[in-house]
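Undergrad: File follows, protein.txt with compact mmCIF, C-alpha atoms and all ligand atoms:
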# COMPACT_ATOMS: atom_id res chain seq x y z
CA MET A 28 96.85 -107.18 119.87
CA ILE A 29 99.16 -105.10 117.70
CA VAL A 30 102.63 -104.60 119.10
CA ALA A 31 104.04 -101.08 118.76
CA ASN A 32 106.02 -100.57 115.54
CA GLU A 33 104.98 -103.95 114.15
CA ARG A 34 103.71 -103.53 110.63
CA GLN A 35 100.09 -104.51 110.19
CA ALA A 36 100.66 -105.81 106.64
CA ALA A 37 100.18 -109.52 106.02
CA SER A 38 103.47 -111.41 105.85
CA LYS A 39 104.40 -114.96 104.91
CA THR A 40 107.99 -114.54 106.11
CA ARG A 41 107.48 -112.93 109.52
CA GLY A 42 108.93 -115.08 112.29
CA LYS A 43 111.16 -116.98 109.83
CA TYR A 44 114.25 -114.81 110.41
CA VAL A 45 115.69 -112.87 113.32
CA VAL A 46 117.29 -109.48 112.81
CA PHE A 47 119.90 -107.81 114.99
CA GLU A 48 122.55 -105.11 114.78
CA ARG A 49 126.21 -105.42 115.63
CA ASP A 50 128.90 -102.77 115.17
CA GLY A 51 126.48 -100.65 113.19
CA LEU A 52 125.76 -103.46 110.68
CA LYS A 53 122.37 -105.13 110.21
CA TYR A 54 122.14 -108.94 110.23
CA ALA A 55 119.30 -111.44 109.65
CA LYS A 56 119.59 -115.02 110.93
CA VAL A 57 117.80 -117.79 109.01
CA LEU A 58 117.79 -121.56 109.52
CA ARG A 59 120.11 -123.52 107.25
CA ASN A 60 118.13 -125.38 104.62
CA ASP A 61 120.05 -127.88 102.51
CA TYR A 62 117.59 -130.72 102.27
CA ASP A 63 118.65 -131.94 98.84
CA MET A 64 121.85 -132.02 96.90
CA PRO A 65 122.31 -130.22 93.61
CA VAL A 66 122.02 -132.29 90.46
CA LYS A 67 124.61 -131.31 87.88
CA VAL A 68 122.85 -129.87 84.84
CA THR A 69 124.69 -128.71 81.73
CA LYS A 70 123.99 -126.02 79.17
CA ASP A 71 123.17 -128.79 76.68
CA ASP A 72 120.53 -130.22 79.04
CA LEU A 73 118.84 -126.80 78.97
CA THR A 74 118.88 -126.45 75.18
CA VAL A 75 115.89 -127.54 73.06
CA SER A 76 116.47 -129.22 69.72
CA GLU A 77 115.68 -127.26 66.57
CA PRO A 78 113.10 -126.43 65.43
CA ALA A 79 112.02 -125.15 68.83
CA THR A 80 108.35 -125.51 69.70
CA ALA A 81 106.37 -124.16 72.64
CA GLU A 82 105.82 -127.72 73.90
CA LYS A 83 109.55 -128.46 73.98
CA ILE A 84 110.31 -125.19 75.78
CA ILE A 85 107.52 -125.66 78.32
CA GLN A 86 108.71 -129.16 79.12
CA LYS A 87 112.31 -127.99 79.80
CA ILE A 88 111.06 -125.10 81.94
CA GLU A 89 108.88 -127.42 84.04
CA VAL A 90 111.95 -129.53 84.85
CA PHE A 91 114.78 -126.97 85.05
CA GLY A 92 113.04 -123.60 85.37
CA GLY A 93 114.91 -122.45 82.26
CA CYS A 94 115.51 -123.32 78.62
CA ILE A 95 117.87 -122.17 75.86
CA VAL A 96 116.44 -121.67 72.35
CA LYS A 97 119.02 -121.38 69.56
CA ASN A 98 118.49 -118.89 66.71
CA TYR A 99 115.43 -117.28 68.28
CA LEU A 100 115.74 -114.01 66.36
CA SER A 101 117.78 -113.14 63.28
CA ALA A 102 121.03 -111.17 63.34
CA GLU A 103 119.21 -108.38 61.51
CA VAL A 104 116.62 -108.04 64.30
CA THR A 105 119.09 -108.36 67.16
CA ASP A 106 121.42 -105.78 65.56
CA ALA A 107 118.48 -103.39 65.16
CA ILE A 108 117.49 -103.81 68.83
CA TYR A 109 121.11 -103.20 69.87
CA ALA A 110 121.29 -100.10 67.66
CA ASP A 111 118.16 -98.71 69.37
CA ALA A 112 119.60 -99.42 72.84
CA LYS A 113 123.14 -98.18 72.19
CA PRO A 114 122.67 -94.41 72.56
CA TYR A 115 120.99 -94.97 75.92
CA LEU A 116 123.65 -97.44 77.09
CA ASP A 117 126.36 -94.99 76.08
CA GLN A 118 124.74 -92.23 78.16
CA ASP A 119 124.17 -94.42 81.21
CA THR A 120 126.47 -94.21 84.23
CA SER A 121 127.39 -96.53 87.10
CA TRP A 122 124.50 -97.76 89.27
CA ASP A 123 124.15 -95.96 92.58
CA GLY A 124 124.16 -99.02 94.85
CA THR A 125 125.50 -102.56 94.88
CA PHE A 126 123.01 -104.57 92.78
CA PHE A 127 125.02 -103.96 89.57
CA PRO A 128 128.79 -103.71 89.25
CA PRO A 129 130.06 -100.24 88.22
CA GLU A 130 130.99 -101.60 84.76
CA THR A 131 127.35 -102.49 83.86
CA ARG A 132 125.21 -100.17 81.74
CA ARG A 133 121.42 -100.47 81.43
CA THR A 134 118.47 -99.08 79.61
CA ALA A 135 114.87 -99.87 80.55
CA GLY A 136 111.74 -99.23 78.49
CA MET A 137 113.05 -101.14 75.46
CA CYS A 138 109.52 -101.86 74.19
CA VAL A 139 108.94 -98.14 73.74
CA LYS A 140 112.50 -97.14 72.82
CA SER A 141 112.67 -99.83 70.13
CA LYS A 142 109.66 -100.60 67.98
CA ILE A 143 111.37 -103.66 66.54
CA CYS A 144 111.88 -104.95 70.09
CA ALA A 145 108.13 -104.64 70.73
CA GLU A 146 107.12 -106.12 67.37
CA LYS A 147 109.64 -108.97 67.07
CA PHE A 148 110.78 -109.86 70.60
CA LEU A 149 107.68 -109.12 72.71
CA THR A 150 105.34 -110.33 69.94
CA HIS A 151 107.31 -113.52 69.18
CA GLU A 152 104.92 -116.46 68.87
CA LEU A 153 106.95 -118.53 71.33
CA ASN A 154 106.73 -115.79 73.96
CA VAL A 155 102.97 -115.73 73.46
CA ALA A 156 102.60 -119.52 73.77
CA VAL A 157 105.02 -120.07 76.66
CA SER A 158 103.81 -117.04 78.65
CA ASN A 159 100.20 -118.15 78.24
CA ALA A 160 101.12 -121.58 79.58
CA PHE A 161 102.87 -120.31 82.73
CA LEU A 162 101.12 -117.01 83.36
CA GLY A 163 97.66 -117.15 81.76
CA ARG A 164 94.91 -117.51 84.36
CA GLU A 165 91.37 -118.67 83.75
CA ASP A 166 88.86 -118.77 86.58
CA ALA A 167 85.11 -118.82 86.99
CA VAL A 168 83.02 -117.29 89.76
CA TRP A 169 79.36 -116.99 90.75
CA SER A 170 77.85 -113.65 89.78
CA GLY A 171 74.16 -113.65 90.66
CA ASP A 172 72.61 -116.64 88.89
CA GLU A 173 75.47 -116.88 86.45
CA ILE A 174 78.87 -118.50 86.42
CA VAL A 175 81.22 -115.97 84.82
CA GLU A 176 84.48 -117.19 83.34
CA GLY A 177 87.33 -114.71 82.95
CA TYR A 178 90.67 -115.02 81.16
CA SER A 179 93.61 -112.98 82.39
CA PRO A 180 96.31 -112.93 79.70
CA PRO A 181 99.98 -112.46 80.57
CA GLN A 182 101.30 -108.93 80.13
CA HIS A 183 104.59 -107.11 79.69
CA ASN A 184 106.46 -106.48 82.93
CA CYS A 185 109.71 -104.81 81.80
CA THR A 186 112.27 -104.95 79.00
CA ILE A 187 115.82 -103.91 79.85
CA THR A 188 119.10 -104.04 77.94
CA PHE A 189 122.17 -104.84 80.06
CA ARG A 190 125.75 -104.36 78.88
CA ILE A 191 128.42 -105.78 81.17
CA GLY A 192 131.88 -104.29 80.60
CA PRO A 193 135.36 -105.75 81.22
CA GLY A 194 136.34 -105.93 84.89
CA ALA A 195 132.77 -106.35 86.23
CA LYS A 196 132.35 -108.72 89.17
CA ASP A 197 129.50 -111.25 89.59
CA GLN A 198 126.06 -109.85 90.23
CA VAL A 199 124.57 -111.54 93.30
CA LEU A 200 122.28 -114.55 92.75
CA HIS A 201 118.67 -113.50 93.25
CA ARG A 202 115.08 -114.34 92.31
CA ASP A 203 113.31 -111.69 90.25
CA ASP A 204 109.85 -112.56 91.62
CA GLY A 205 110.79 -111.00 94.96
CA ILE A 206 109.17 -107.88 93.49
CA HIS A 207 105.85 -109.72 93.67
CA HIS A 208 106.36 -111.00 97.24
CA ASN A 209 106.16 -114.50 95.76
CA ILE A 210 106.98 -116.81 98.67
CA HIS A 211 107.88 -120.35 97.59
CA LYS A 212 107.33 -123.69 99.23
CA HIS A 213 109.41 -126.71 98.21
CA ARG A 214 107.87 -128.71 95.35
CA ASP A 215 108.87 -132.16 94.11
CA SER A 216 107.69 -131.26 90.61
CA TYR A 217 106.35 -128.23 88.81
CA HIS A 218 103.05 -126.84 90.01
CA TYR A 219 101.14 -124.55 87.64
CA GLY A 220 100.04 -121.38 89.40
CA ASP A 221 103.26 -120.91 91.42
CA ASP A 222 104.90 -118.34 89.14
CA SER A 223 104.32 -114.62 88.78
CA ALA A 224 106.75 -113.82 85.96
CA LEU A 225 108.74 -115.33 83.08
CA GLY A 226 111.94 -113.84 81.64
CA MET A 227 113.53 -114.11 78.22
CA VAL A 228 117.21 -113.21 77.86
CA LEU A 229 118.05 -112.38 74.23
CA GLY A 230 121.74 -112.36 73.27
CA LEU A 231 122.59 -109.17 71.39
CA THR A 232 126.22 -110.27 71.46
CA ARG A 233 127.71 -113.69 72.09
CA THR A 234 127.61 -114.32 75.85
CA THR A 235 130.22 -116.57 77.45
CA ARG A 236 131.32 -117.61 80.89
CA ALA A 237 134.26 -115.23 80.47
CA ASN A 238 132.33 -112.16 79.35
CA GLY A 239 129.40 -112.32 81.79
CA ALA A 240 126.76 -114.79 80.54
CA THR A 241 123.75 -114.98 82.86
CA ARG A 242 124.37 -117.72 85.40
CA PHE A 243 121.43 -119.70 86.51
CA VAL A 244 120.55 -122.28 89.17
CA PRO A 245 118.63 -125.09 87.45
CA GLY A 246 115.73 -126.46 89.46
CA SER A 247 115.63 -123.51 91.87
CA HIS A 248 112.06 -122.72 90.73
CA LEU A 249 111.07 -125.70 92.93
CA TRP A 250 113.02 -124.56 95.98
CA ASP A 251 111.69 -123.47 99.33
CA HIS A 252 111.93 -119.71 99.89
CA TRP A 253 114.85 -119.95 102.33
CA ARG A 254 117.14 -122.29 100.46
CA LYS A 255 120.31 -120.33 99.59
CA PRO A 256 122.11 -121.25 96.37
CA SER A 257 125.81 -121.98 96.40
CA LYS A 258 128.35 -121.12 93.69
CA ASP A 259 128.74 -124.72 92.50
CA GLU A 260 125.02 -125.03 91.67
CA VAL A 261 125.14 -122.56 88.76
CA VAL A 262 125.13 -123.14 85.01
CA TYR A 263 126.26 -120.39 82.64
CA ALA A 264 123.45 -119.85 80.10
CA GLU A 265 125.90 -119.01 77.30
CA LEU A 266 124.26 -117.69 74.15
CA ASP A 267 125.22 -116.92 70.60
CA LYS A 268 123.85 -113.69 69.19
CA GLY A 269 120.11 -114.19 68.53
CA ASP A 270 119.69 -117.10 70.99
CA CYS A 271 117.21 -116.75 73.82
CA PHE A 272 117.23 -118.08 77.37
CA PHE A 273 113.76 -118.50 78.90
CA MET A 274 113.72 -118.46 82.69
CA LEU A 275 111.01 -118.42 85.36
CA ALA A 276 111.38 -115.45 87.72
CA SER A 277 111.38 -117.95 90.60
CA CYS A 278 114.86 -119.18 89.56
CA PHE A 279 118.04 -117.92 91.18
CA HIS A 280 120.25 -116.21 88.61
CA GLY A 281 122.51 -113.20 88.10
CA GLY A 282 124.72 -111.44 85.60
CA SER A 283 128.31 -112.72 85.82
CA ALA A 284 131.80 -111.34 86.07
CA ASN A 285 133.39 -110.11 82.85
CA THR A 286 137.00 -111.28 83.03
CA THR A 287 137.85 -110.32 79.44
CA GLU A 288 140.03 -107.36 78.47
CA ASP A 289 137.79 -105.89 75.83
CA GLU A 290 134.50 -107.78 75.33
CA TYR A 291 131.12 -106.25 76.14
CA ARG A 292 128.31 -108.69 76.94
CA THR A 293 124.94 -107.30 75.91
CA VAL A 294 121.51 -108.87 76.38
CA THR A 295 117.93 -107.60 76.32
CA ILE A 296 115.80 -109.19 79.02
CA LEU A 297 112.04 -109.19 78.56
CA PHE A 298 109.80 -110.13 81.44
CA MET A 299 106.14 -111.06 81.24
CA THR A 300 103.94 -111.11 84.32
CA LEU A 301 100.43 -112.02 85.42
CA GLY A 302 97.66 -109.88 83.96
CA THR A 303 96.40 -109.28 87.50
CA LEU A 304 99.60 -107.69 88.81
CA ARG A 305 101.08 -104.21 88.61
CA GLN A 306 103.65 -103.98 85.81
CA GLU A 307 107.28 -103.54 86.88
CA GLU A 308 107.95 -100.60 84.61
CA ASN A 309 105.54 -97.85 83.75
CA ILE A 310 106.03 -97.38 80.03
CA MET A 311 102.71 -95.58 79.49
CA LEU A 312 103.65 -92.38 81.27
CA GLY A 313 105.67 -90.16 78.96
CA THR A 314 105.15 -92.23 75.80
CA PRO A 315 103.07 -90.40 73.17
CA ILE A 316 99.80 -92.19 72.42
CA GLU A 317 100.73 -92.13 68.70
CA TYR A 318 103.43 -94.69 69.44
CA PHE A 319 100.88 -97.14 70.81
CA LYS A 320 98.50 -96.41 67.93
CA SER A 321 101.28 -97.37 65.52
CA LEU A 322 101.67 -100.89 66.99
CA PRO A 323 99.78 -104.02 65.91
CA VAL A 324 96.84 -105.12 68.05
CA GLU A 325 98.66 -108.24 69.18
CA THR A 326 101.61 -106.19 70.47
CA LEU A 327 99.27 -103.83 72.33
CA LYS A 328 97.59 -106.77 74.02
CA LEU A 329 100.98 -108.11 75.12
CA LEU A 330 101.87 -104.68 76.51
CA GLY A 331 98.84 -105.02 78.78
CA LEU A 332 96.61 -102.65 76.82
CA THR A 333 93.77 -105.13 76.88
CA PRO A 334 91.50 -106.10 79.79
CA SER A 335 92.25 -108.91 82.16
CA GLU A 336 88.80 -110.40 82.67
CA PRO A 337 86.89 -109.56 84.70
CA PHE A 338 87.21 -105.76 84.71
CA LEU A 339 90.94 -105.00 85.07
CA GLY A 340 92.56 -102.33 82.97
CA TYR A 341 89.64 -100.49 81.38
CA ILE A 342 89.50 -96.85 80.37
CA ASP A 343 86.07 -95.24 80.88
CA PHE A 344 84.74 -98.81 81.23
CA LYS A 345 86.05 -99.68 77.77
CA ASP A 346 88.81 -101.90 76.47
CA PRO A 347 91.89 -99.66 75.79
CA LEU A 348 91.88 -101.08 72.26
CA ALA A 349 88.59 -99.25 71.63
CA LEU A 350 90.62 -96.04 71.98
CA LEU A 351 93.79 -97.18 70.23
CA LYS A 352 92.39 -99.36 67.42
CA PRO A 353 88.65 -98.61 67.13
CA GLU A 354 88.11 -100.47 63.85
CA GLU A 355 89.90 -103.64 64.82
CA HIS A 356 88.39 -103.53 68.28
CA ALA A 357 84.84 -103.30 66.91
CA LYS A 358 85.38 -106.72 65.29
CA GLU A 359 86.15 -108.35 68.67
CA ASN A 360 83.96 -106.28 70.98
CA LYS A 361 84.26 -108.47 74.04
CA ASP A 362 82.55 -107.88 77.36
CA LEU A 363 84.95 -106.73 80.13
CA ARG A 364 83.22 -109.12 82.44
CA GLY A 365 84.13 -112.38 80.64
CA THR A 366 81.91 -115.20 79.44
CA ALA A 367 78.66 -115.70 81.37
CA TYR A 368 76.82 -119.02 81.70
CA THR A 369 73.53 -119.62 83.46
CA GLY A 370 74.54 -121.55 86.56
CA ILE A 371 72.76 -124.82 87.31
CA LEU A 372 73.19 -126.52 90.69
CA VAL A 373 73.47 -130.29 90.34
CA ASP A 374 74.28 -133.12 92.72
CA SER A 375 76.47 -134.93 90.26
CA PHE A 376 78.00 -134.13 86.86
CA THR A 377 76.84 -137.42 85.41
CA ALA A 378 73.15 -136.86 86.11
O1 LIG B 401 122.60 -109.25 83.28
C1 LIG B 401 122.10 -110.36 83.50
O2 LIG B 401 122.48 -111.38 82.93
C2 LIG B 401 121.01 -110.51 84.52
C3 LIG B 401 120.54 -109.23 85.13
C4 LIG B 401 119.55 -109.48 86.22
O3 LIG B 401 119.31 -110.58 86.60
C5 LIG B 401 118.85 -108.39 86.88
O4 LIG B 401 119.25 -107.24 86.75
O5 LIG B 401 117.82 -108.65 87.57
FE FE B 402 117.49 -110.65 87.76
Would you write out, as structure tokens, the structure that this file holds?
Ligand SMILES: O=C(O)CCC(=O)C(=O)O
Ligand SMILES: [Fe+2]
TA:
Amino acid sequence: MIVANERQAASKTRGKYVVFERDGLKYAKVLRNDYDMPVKVTKDDLTVSEPATAEKIIQKIEVFGGCIVKNYLSAEVTDAIYADAKPYLDQDTSWDGTFFPPETRRTAGMCVKSKICAEKFLTHELNVAVSNAFLGREDAVWSGDEIVEGYSPPQHNCTITFRIGPGAKDQVLHRDDGIHHNIHKHRDSYHYGDDSALGMVLGLTRTTRANGATRFVPGSHLWDHWRKPSKDEVVYAELDKGDCFFMLASCFHGGSANTTEDEYRTVTILFMTLGTLRQEENIMLGTPIEYFKSLPVETLKLLGLTPSEPFLGYIDFKDPLALLKPEEHAKENKDLRGTAYTGILVDSFTA
């Protein structure tokens, strides 16, 4: 029976908190959940040795949920990305709400506002490799007499530049995969398939504890949904210009207070998500198609302009690349459905 006013949507959190109002304020009660003590992790623990490889980064992320990569992009590239963001940051005003302090400026849509951001940051080989590891999905399903195997590649979710000005207070600690209703159960070790997004924080300036470096709760990717982080569990992911901090969207994190007199902390944060999910920002609407035609095939695929097999993301039942890059597409010409095998029922694989 459906109770009046109760939403009919499925929920994994219903019944786990109790809401009430007092003096015009809304409260939610949840059970305290402090089943294990924080392990002290340092910035050095999070940093991979140079030269960074996808394997080294993946291994750190499995353990800590995050990983710092030194010298990820050159000063020339980071300066160019900053130059593309600056006019938008300068025009931005204080956020209407409490999620960002009034001193923070933002600009979204960086992969269409800055071609170099799309070509060098989004298309970085380590983004491709690490995102595929955590967010690529490959599954097979019966379709008639065939077993059809489909690969769903990771895709762009959003790319935003954040500049935190002097006087800003801490941003609250939060998990970015709340947007995907990703409800976590406690894990003793990393479980592939749990995550819906992966972030990369690129330092466009030096970021320090004093000027607002992203603070991060190591290991929180393994936490139960209701465990609340405390202040002493955070590590400041301090970066030099051009360094990059990889972080699963299941980790608690936030921008930090800027206690300096005159330093501006600027980062560009790129998020990738599952190829089967809606993208956080809609960069297609309002961007001339010529812009997309001017990008390399690999960048277009990372933007999500390629099918997730089977059948997601077509245009007139064709791969979007057939429209944007007809010649290069003709060389690949893959079926939207995936790879089909004739299915054979057996009683044992060894027979
Ligand atoms: O500015 C930062 O370091 C983090 C920003 C952030 O986490 C967010 O806006 O979701
Ligand atoms: Fe965030």
Undergrad: Measure the distance from CA of Asp289 (chain A) to CA of Arg236 (chain A) in Å and round it to one decimal.
TA: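 Pair CA of Asp289 (chain A) / CA of Arg236 (chain A) returns 14.3 Å.
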Undergrad: Select, from A:Lys320, A:Arg364, A:Arg133, A:Arg59, the residue with the minimum atom-to-atom distance to ligand LIG 401 (chain B), counting all atoms listed in the file.
TA: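 Distance minimum relative to ligand LIG 401 (chain B) lands on A:Arg133.
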Undergrad: Residues up to 10 Å from ligand LIG 401 (chain B), counting all atoms listed in the file: could you list those as number ranges by chain?
TA: A: 126-127, 131-133, 187-191, 197-204, 226, 228-230, 234, 239-243, 263-264, 276, 279-284, 292-296
Undergrad: Looking at A:Asp215, A:Glu82, A:Glu173, A:Asp346, which one is nearest to Leu372 (chain A), with distances taken over all atoms listed in the file?
TA: A:Glu173
Undergrad: Tell me which of A:Lys268, A:Thr186, A:Tyr318, A:Phe344 sits closest to ligand FE 402 (chain B), counting all atoms listed in the file.
TA: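 Looking only at the distances to ligand FE 402 (chain B), the closest residue turns out to be A:Thr186.
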Undergrad: Nearest residue to ligand FE 402 (chain B) out of A:Val155, A:Ile310, A:Tyr291, A:Ser277, using all atoms listed in the file?
TA: A:Ser277
Undergrad: Between A:Cys278, A:Gly269, A:His218, A:Leu249, which has the minimum distance to ligand FE 402 (chain B) (counting only C-alpha atoms and all ligand atoms)?
TA: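 Checking each candidate against ligand FE 402 (chain B), we get A:Cys278 as the closest.
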Undergrad: Residues within 9 Å of region 93-110 of chain A, please, as JSON, numbers by chain. Count only C-alpha atoms; anything in the same chain fewer than 4 positions from it doesn't count.
TA: {"A": [70, 71, 72, 73, 74, 75, 76, 77, 78, 79, 84, 85, 86, 87, 88, 89, 114, 137, 141, 142, 143, 144, 147, 148, 151, 188, 229, 230, 231, 232, 243, 244, 245, 246, 248, 264, 265, 266, 267, 268, 269, 270, 271, 272, 273, 274, 275, 278, 293, 294, 295]}
Undergrad: Under the rule that all atoms listed in the file are counted, which of A:Leu58, A:Asp374, A:Thr369, A:Lys140 is the nearest residue to Asp172 (chain A)?
TA: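 Closest candidate: A:Thr369.
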Undergrad: Go ahead and compute the interatomic distance for CA of Glu176 (chain A) and CA of Thr366 (chain A), in Å to one decimal.
TA: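 We find that CA of Glu176 (chain A) and CA of Thr366 (chain A) lie 5.1 Å from each other.
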Undergrad: Mind giving me the straight-line distance from CA of Gly42 (chain A) to CA of Asn209 (chain A) in Å, one decimal?
TA: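 We find that CA of Gly42 (chain A) and CA of Asn209 (chain A) lie 16.8 Å from each other.
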Undergrad: Please complete region 239-251 of chain A with N, CA and C atoms and give it back as an mmCIF file, keeping the file's coordinate frame.
TA:
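Below you can see selection19.cif, which holds the result:
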data_model
loop_
_atom_site.group_PDB
_atom_site.id
_atom_site.type_symbol
_atom_site.label_atom_id
_atom_site.label_comp_id
_atom_site.auth_asym_id
_atom_site.auth_seq_id
_atom_site.Cartn_x
_atom_site.Cartn_y
_atom_site.Cartn_z
ATOM 1 N N GLY A 239 130.509 -112.723 80.917
ATOM 2 C CA GLY A 239 129.400 -112.320 81.790
ATOM 3 C C GLY A 239 128.060 -112.952 81.510
ATOM 4 N N ALA A 240 128.038 -114.104 80.801
ATOM 5 C CA ALA A 240 126.760 -114.790 80.540
ATOM 6 C C ALA A 240 125.944 -114.917 81.824
ATOM 7 N N THR A 241 124.630 -114.828 81.689
ATOM 8 C CA THR A 241 123.750 -114.980 82.860
ATOM 9 C C THR A 241 123.994 -116.354 83.472
ATOM 10 N N ARG A 242 124.273 -116.401 84.770
ATOM 11 C CA ARG A 242 124.370 -117.720 85.400
ATOM 12 C C ARG A 242 123.057 -117.994 86.117
ATOM 13 N N PHE A 243 122.789 -119.280 86.209
ATOM 14 C CA PHE A 243 121.430 -119.700 86.510
ATOM 15 C C PHE A 243 121.486 -120.970 87.356
ATOM 16 N N VAL A 244 120.576 -121.089 88.307
ATOM 17 C CA VAL A 244 120.550 -122.280 89.170
ATOM 18 C C VAL A 244 119.393 -123.178 88.738
ATOM 19 N N PRO A 245 119.698 -124.238 87.969
ATOM 20 C CA PRO A 245 118.630 -125.090 87.450
ATOM 21 C C PRO A 245 117.858 -125.744 88.603
ATOM 22 N N GLY A 246 116.560 -125.800 88.448
ATOM 23 C CA GLY A 246 115.730 -126.460 89.460
ATOM 24 C C GLY A 246 115.327 -125.556 90.615
ATOM 25 N N SER A 247 115.898 -124.354 90.696
ATOM 26 C CA SER A 247 115.630 -123.510 91.870
ATOM 27 C C SER A 247 114.210 -122.948 91.864
ATOM 28 N N HIS A 248 113.484 -123.114 90.747
ATOM 29 C CA HIS A 248 112.060 -122.720 90.730
ATOM 30 C C HIS A 248 111.231 -123.603 91.666
ATOM 31 N N LEU A 249 111.807 -124.778 92.060
ATOM 32 C CA LEU A 249 111.070 -125.700 92.930
ATOM 33 C C LEU A 249 111.518 -125.580 94.391
ATOM 34 N N TRP A 250 112.431 -124.649 94.647
ATOM 35 C CA TRP A 250 113.020 -124.560 95.980
ATOM 36 C C TRP A 250 112.127 -123.801 96.959
ATOM 37 N N ASP A 251 112.268 -124.220 98.218
ATOM 38 C CA ASP A 251 111.690 -123.470 99.330
ATOM 39 C C ASP A 251 112.293 -122.049 99.344
#
